[in-house]
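Engineer: Handing you this structure, nothing more for now.
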Amino acid sequence: MISWIQIISTWTIPVLIAFIPLYAFFRKIPVYESFIDGAKDGFQTAIGIIPHLVGMMTAISMFRASGAMDAMVGLVRPLLEGFGIPGEVLPLALLRPITGAGSLAFVTDLIKEQGPDSFVARIASTIQGSTDTTLYVLTVYFGAVGIRNSRYALKVGLFSDFIGFFAAVAACWLMFGLV
């Protein structure tokens with residue numbers, strides 16, 4: 001059974017890469033011209049996203065450099081530790097909705113400090129996998145398509161990150177217990 005799964009996973013992408021142009025060729029679709037048109041659209045999208053990316057990265061840098069993140073962690077840490085949530089993962093709860101690269105760097109540092117099999121590292125890894133970069137997604141994707149009124153997207157996205165944080169902690173408590 002495992003060998004079939006390995007064969008399928010090995011050949012899926014190459015078969016799709018060969019199948020799509022062949023299918024288009026037999027349907028008389030100009031493959032190369034369609035590819036070039038798509039690349040032009042992608043380039044225009046990238047140019048439109050750059051100001052949003054610069055704004056988001058500037059805001060993230062200002063948030064961290066101002067000490068606001070450290071202040072927020074200092075206020076909430078005693079409360080969460082009272083519920084058995086390690087304070088070391090709290091900055092991740094604040095970073096993850098903002099930046100994927102920054103939160104990944106933070107998780108990497110936690111794993112180096114605590115060890116890969118530590119309870120804190122397991123919680124941090126689970127949080128990294130169960131939450132999303134909500135503000136980044138809203139900034140880039142909504143900016144790319146020109147959506148100005150995000151309505152409930154920010155509230156729902158941040159709420160799902162909040163739930164994802166606590167669900168990750170609960171899952172680690174259930175799976176690993178206090179180590």
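Chain labels run A, B, ... following the order of the structure tokens; each chain numbers its residues from 1, and ligands are numbered from 1 in the order shown.
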List as a PDB file with N, CA and C atoms, in the first residue's frame the protein and nucleic acid residues near range 83-88 of chain A, meaning an atom at most 8 Å away when only C-alpha atoms are counted, but skip any in the same chain fewer than 4 places from it.
Structural biologist:
ATOM      1  N   ARG A  77       1.125  37.268  29.748  1.00  0.00           N
ATOM      2  CA  ARG A  77       1.871  36.060  30.122  1.00  0.00           C
ATOM      3  C   ARG A  77       1.448  35.456  31.469  1.00  0.00           C
ATOM      4  N   PRO A  78       1.315  36.239  32.552  1.00  0.00           N
ATOM      5  CA  PRO A  78       0.928  35.625  33.824  1.00  0.00           C
ATOM      6  C   PRO A  78      -0.443  34.949  33.768  1.00  0.00           C
ATOM      7  N   LEU A  79      -1.359  35.539  33.043  1.00  0.00           N
ATOM      8  CA  LEU A  79      -2.696  34.965  32.912  1.00  0.00           C
ATOM      9  C   LEU A  79      -2.648  33.614  32.206  1.00  0.00           C
ATOM     10  N   LEU A 110      12.828  28.918  19.244  1.00  0.00           N
ATOM     11  CA  LEU A 110      12.285  28.152  20.370  1.00  0.00           C
ATOM     12  C   LEU A 110      12.759  26.700  20.337  1.00  0.00           C
ATOM     13  N   VAL A 120       7.196  22.864  24.817  1.00  0.00           N
ATOM     14  CA  VAL A 120       7.085  24.199  24.222  1.00  0.00           C
ATOM     15  C   VAL A 120       7.278  24.128  22.710  1.00  0.00           C
ATOM     16  N   VAL A 169      -2.753  24.324  21.644  1.00  0.00           N
ATOM     17  CA  VAL A 169      -2.322  24.053  23.019  1.00  0.00           C
ATOM     18  C   VAL A 169      -3.084  22.867  23.585  1.00  0.00           C
TER      19      VAL A 169
END
Engineer: Using only C-alpha atoms, which residues of range 57-91 of chain A come within 12 Å of range 44-52 of chain A, and what is the closest atom pair for each, with the distance in Å to one decimal? Give it as a Markdown table, sorted by chain and residue number.
Structural biologist:
| residue | atom | partner | partner_atom | distance |
| --- | --- | --- | --- | --- |
| A:Met57 | CA | A:His52 | CA | 8.6 |
| A:Thr58 | CA | A:His52 | CA | 9.9 |
| A:Ala59 | CA | A:His52 | CA | 10.6 |
Engineer: Report the distance between CA of Ile36 in chain A and CA of Pro21 in chain A in Å, rounded to one decimal place.
Structural biologist: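 CA of Pro21 in chain A lies at a distance of 13.5 Å from CA of Ile36 in chain A.
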Engineer: Based on DSSP run over this structure's backbone, return all residues of range 11-157 of chain A in alpha helix (DSSP H), as a ChimeraX atom specification.
Structural biologist: /A:11-26,31-65,68-82,90-95,100-114,119-130,134-137,143-145,153-157
Engineer: So that I can check the surroundings of Gly102 in chain A, please list as a ChimeraX atom specification every protein, DNA and RNA residue that reaches within 10 Å of it, counting only C-alpha atoms and ignoring chain neighbours fewer than 6 positions away.
Structural biologist: /A:60,92,95-96,108
Engineer: May I have the selected residues written with all heavy atoms, as a compact mmCIF listing (two decimals), in the first residue's frame?
Structural biologist:
# COMPACT_ATOMS: atom_id res chain seq x y z
N ILE A 60 5.12 45.83 10.62
CA ILE A 60 5.64 44.74 11.45
C ILE A 60 6.92 45.17 12.14
O ILE A 60 7.11 44.96 13.34
CB ILE A 60 5.88 43.48 10.60
CG1 ILE A 60 4.56 42.91 10.12
CG2 ILE A 60 6.69 42.44 11.36
CD1 ILE A 60 4.71 41.87 9.03
N LEU A 92 4.52 34.03 19.73
CA LEU A 92 4.12 33.38 18.49
C LEU A 92 2.65 33.66 18.19
O LEU A 92 2.28 33.86 17.03
CB LEU A 92 4.38 31.87 18.57
CG LEU A 92 4.02 31.05 17.34
CD1 LEU A 92 4.81 31.54 16.14
CD2 LEU A 92 4.28 29.59 17.60
N LEU A 95 2.77 37.08 16.69
CA LEU A 95 3.50 37.19 15.43
C LEU A 95 2.82 36.45 14.28
O LEU A 95 2.84 36.93 13.14
CB LEU A 95 4.91 36.63 15.58
CG LEU A 95 5.96 37.52 16.19
CD1 LEU A 95 7.27 36.77 16.34
CD2 LEU A 95 6.18 38.75 15.33
N ARG A 96 2.26 35.31 14.55
CA ARG A 96 1.73 34.45 13.48
C ARG A 96 0.69 35.13 12.60
O ARG A 96 0.77 35.01 11.37
CB ARG A 96 1.19 33.15 14.08
CG ARG A 96 0.71 32.17 13.05
CD ARG A 96 1.84 31.63 12.20
NE ARG A 96 1.31 30.63 11.30
CZ ARG A 96 1.72 30.46 10.07
NH1 ARG A 96 2.71 31.16 9.60
NH2 ARG A 96 1.16 29.55 9.30
N THR A 108 11.74 28.50 15.14
CA THR A 108 13.07 27.92 14.99
C THR A 108 13.94 28.22 16.21
O THR A 108 14.62 27.34 16.73
CB THR A 108 13.75 28.45 13.71
OG1 THR A 108 12.91 28.15 12.59
CG2 THR A 108 15.11 27.83 13.51
Engineer: Please indicate the distance in Å from CA of Ser118 in chain A to CA of Asp161 in chain A, rounded to one decimal place.
Structural biologist: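 Between CA of Ser118 in chain A and CA of Asp161 in chain A the gap works out to 22.8 Å.
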Engineer: May I ask for the distance between CA of Val76 in chain A and CA of Gly55 in chain A, given in Å to one decimal place?
Structural biologist: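 We find that CA of Val76 in chain A and CA of Gly55 in chain A lie 27.4 Å from each other.
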Engineer: Per residue of range 72-119 of chain A within 12 Å of range 138-155 of chain A, which atom pair is closest and at what distance in Å (one decimal), using only C-alpha atoms, listed by chain and increasing number, as a Markdown table?
Structural biologist:
| residue | atom | partner | partner_atom | distance |
| --- | --- | --- | --- | --- |
| A:Pro97 | CA | A:Leu138 | CA | 10.2 |
| A:Ile98 | CA | A:Thr139 | CA | 10.0 |
| A:Thr99 | CA | A:Thr139 | CA | 11.3 |
Engineer: Keeping only C-alpha atoms, take the residues you just selected and write them out as an mmCIF file, in the first residue's frame.
Structural biologist:
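File selection_0.cif, as written:
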data_model
loop_
_atom_site.group_PDB
_atom_site.id
_atom_site.type_symbol
_atom_site.label_atom_id
_atom_site.label_comp_id
_atom_site.auth_asym_id
_atom_site.auth_seq_id
_atom_site.Cartn_x
_atom_site.Cartn_y
_atom_site.Cartn_z
ATOM 1 C CA PRO A 97 -1.229 36.521 12.228
ATOM 2 C CA ILE A 98 1.200 39.219 11.100
ATOM 3 C CA THR A 99 4.146 37.459 9.499
#
Engineer: Considering only C-alpha atoms, state which residue in the set A:Gly100, A:Gly164, A:Gly157, A:Pro30 is at the smallest distance from Thr126 in chain A.
Structural biologist: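 Looking at the shortest contact to Thr126 in chain A, the residue is A:Gly164.
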